[in-house]
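Accompanying notes for the structure given below.
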Amino acid sequence: LKTTTNQASLHYAVLEGICFGILDGINAIKLVNSDFKEIFMVGGGSKSSFWISLLASVINKKLSVCEQSEFGAALGVARLAMFADNSIKDKDLIIKDIVVKEHFNSSSKHTKILQKRYEVWKEIYISNKKNN
């Protein structure tokens, strides 16, 4: 931080840091399953096209936003509960086709820059983790 750091820079740094944390999680998942065909954005974050575009470039994957994506997490939990409910006989009625509202593709120009920034972020993260 510097005296010239403004509020927009701080906001961006938070979003970028969260994206890098998500990338760490994705890299961990890839160790056991690298088959990511579709990634859907759900919850409140799915309302920010800026954040989704940034995340798409950080993880270098296409991201999709569905209709009513802000309810996606809640619907997912409800569907899991319905699958566990033995009184529901026709489980095929629980899952419906996902209607995609918008796709966000990674930007190769941004991905290259963000990959370098991610490497720096990882070094700082590991360094701070060792000191605690």
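We name chains A, B, ... following the order of the structure tokens; residues begin at 1 in each chain, and ligands are numbered from 1 as shown.
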
Handout entry: Contact residues around region 104-111 of chain A with only C-alpha atoms at 12 Å, ignoring same-chain residues under 6 positions, as a ChimeraX atom specification
Key = /A:20,38-41,46,48-66,117-118

How about saving the chosen residues, C-alpha atoms kept, as a compact mmCIF listing (two decimals), in the first residue's frame?
# COMPACT_ATOMS: atom_id res chain seq x y z
CA PHE A 20 -6.31 -16.35 -6.87
CA GLU A 38 -18.72 -26.61 -17.57
CA ILE A 39 -18.35 -24.18 -14.69
CA PHE A 40 -21.44 -22.28 -13.58
CA MET A 41 -21.38 -19.15 -11.45
CA SER A 46 -22.83 -14.11 -10.43
CA SER A 48 -20.96 -8.95 -11.36
CA SER A 49 -19.87 -9.28 -14.98
CA PHE A 50 -16.57 -7.57 -14.09
CA TRP A 51 -15.75 -10.16 -11.44
CA ILE A 52 -16.79 -13.11 -13.61
CA SER A 53 -14.68 -11.81 -16.50
CA LEU A 54 -11.71 -11.41 -14.15
CA LEU A 55 -12.20 -14.90 -12.71
CA ALA A 56 -12.53 -16.43 -16.21
CA SER A 57 -9.18 -14.91 -17.12
CA VAL A 58 -7.54 -15.97 -13.83
CA ILE A 59 -8.63 -19.61 -14.15
CA ASN A 60 -8.43 -19.53 -17.96
CA LYS A 61 -11.82 -21.21 -18.38
CA LYS A 62 -15.21 -20.28 -19.81
CA LEU A 63 -17.70 -19.46 -17.07
CA SER A 64 -21.47 -19.53 -17.48
CA VAL A 65 -24.21 -17.69 -15.66
CA CYS A 66 -27.63 -19.32 -15.59
CA ARG A 117 0.55 -11.82 -10.67
CA TYR A 118 -0.70 -15.16 -9.33

Problem - Residues within 12 Å of region 89-95 of chain A, only C-alpha atoms, excluding chain neighbours under 4 positions, as a ChimeraX atom specification - result: /A:75-85

Handout entry: DSSP-assigned alpha helix (DSSP H) members of chain A, reported as number ranges by chain
Key = A: 7-30, 49-59, 72-84, 108-130

Exercise for the section: Step one, run DSSP on the backbone; step two, keep only residues of region 28-110 of chain A assigned to strand (DSSP E or B); then write them as a list in words. Expected result: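 Listing strand (DSSP E or B) positions across region 28-110 of chain A yields Phe40, Met41, Leu63, Ser64, Val65, Cys66, Val100, Lys101, Glu102, His103 and Phe104 of chain A.
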
Export of the given selection (N, CA, C and O atoms) as a PDB file, in the first residue's frame:
ATOM      1  N   PHE A  40     -20.332 -23.218 -13.707  1.00  0.00           N
ATOM      2  CA  PHE A  40     -21.438 -22.282 -13.582  1.00  0.00           C
ATOM      3  C   PHE A  40     -21.220 -21.385 -12.368  1.00  0.00           C
ATOM      4  O   PHE A  40     -20.829 -21.857 -11.305  1.00  0.00           O
ATOM      5  N   MET A  41     -21.467 -20.125 -12.537  1.00  0.00           N
ATOM      6  CA  MET A  41     -21.384 -19.154 -11.452  1.00  0.00           C
ATOM      7  C   MET A  41     -22.739 -19.087 -10.768  1.00  0.00           C
ATOM      8  O   MET A  41     -23.768 -18.996 -11.444  1.00  0.00           O
ATOM      9  N   LEU A  63     -16.757 -19.409 -18.178  1.00  0.00           N
ATOM     10  CA  LEU A  63     -17.703 -19.464 -17.071  1.00  0.00           C
ATOM     11  C   LEU A  63     -19.090 -19.121 -17.598  1.00  0.00           C
ATOM     12  O   LEU A  63     -19.229 -18.278 -18.487  1.00  0.00           O
ATOM     13  N   SER A  64     -20.096 -19.763 -17.038  1.00  0.00           N
ATOM     14  CA  SER A  64     -21.468 -19.525 -17.478  1.00  0.00           C
ATOM     15  C   SER A  64     -22.322 -19.047 -16.314  1.00  0.00           C
ATOM     16  O   SER A  64     -22.147 -19.489 -15.179  1.00  0.00           O
ATOM     17  N   VAL A  65     -23.227 -18.159 -16.624  1.00  0.00           N
ATOM     18  CA  VAL A  65     -24.210 -17.686 -15.658  1.00  0.00           C
ATOM     19  C   VAL A  65     -25.572 -18.151 -16.141  1.00  0.00           C
ATOM     20  O   VAL A  65     -25.928 -17.965 -17.302  1.00  0.00           O
ATOM     21  N   CYS A  66     -26.313 -18.783 -15.252  1.00  0.00           N
ATOM     22  CA  CYS A  66     -27.626 -19.320 -15.592  1.00  0.00           C
ATOM     23  C   CYS A  66     -28.722 -18.323 -15.224  1.00  0.00           C
ATOM     24  O   CYS A  66     -28.487 -17.386 -14.471  1.00  0.00           O
ATOM     25  N   VAL A 100     -28.618 -21.342 -19.741  1.00  0.00           N
ATOM     26  CA  VAL A 100     -27.513 -20.399 -19.614  1.00  0.00           C
ATOM     27  C   VAL A 100     -27.943 -19.041 -20.148  1.00  0.00           C
ATOM     28  O   VAL A 100     -28.463 -18.930 -21.252  1.00  0.00           O
ATOM     29  N   LYS A 101     -27.723 -18.031 -19.333  1.00  0.00           N
ATOM     30  CA  LYS A 101     -28.069 -16.655 -19.705  1.00  0.00           C
ATOM     31  C   LYS A 101     -26.909 -15.969 -20.419  1.00  0.00           C
ATOM     32  O   LYS A 101     -27.111 -15.211 -21.359  1.00  0.00           O
ATOM     33  N   GLU A 102     -25.662 -16.274 -19.957  1.00  0.00           N
ATOM     34  CA  GLU A 102     -24.502 -15.583 -20.516  1.00  0.00           C
ATOM     35  C   GLU A 102     -23.235 -16.405 -20.279  1.00  0.00           C
ATOM     36  O   GLU A 102     -23.109 -17.087 -19.264  1.00  0.00           O
ATOM     37  N   HIS A 103     -22.314 -16.334 -21.227  1.00  0.00           N
ATOM     38  CA  HIS A 103     -21.000 -16.982 -21.103  1.00  0.00           C
ATOM     39  C   HIS A 103     -19.929 -15.903 -20.979  1.00  0.00           C
ATOM     40  O   HIS A 103     -20.037 -14.840 -21.592  1.00  0.00           O
ATOM     41  N   PHE A 104     -18.890 -16.207 -20.201  1.00  0.00           N
ATOM     42  CA  PHE A 104     -17.744 -15.312 -20.052  1.00  0.00           C
ATOM     43  C   PHE A 104     -16.499 -16.107 -20.400  1.00  0.00           C
ATOM     44  O   PHE A 104     -16.230 -17.141 -19.784  1.00  0.00           O
TER      45      PHE A 104
END

Problem - Nearest residue to Glu119 (chain A) from the set A:Gly17, A:Asn6, A:Gln68, A:Tyr12 (distances using only C-alpha atoms) - result: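 Checking each candidate against Glu119 (chain A), we get A:Gly17 as the closest.
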
Exercise for the section: Show which residues sit within 12 Å of Trp121 (chain A), as number ranges by chain. Count only C-alpha atoms, and ignore same-chain residues fewer than 5 positions away. Expected result: A: 13-14, 16-21, 23-24, 114-116, 126-128
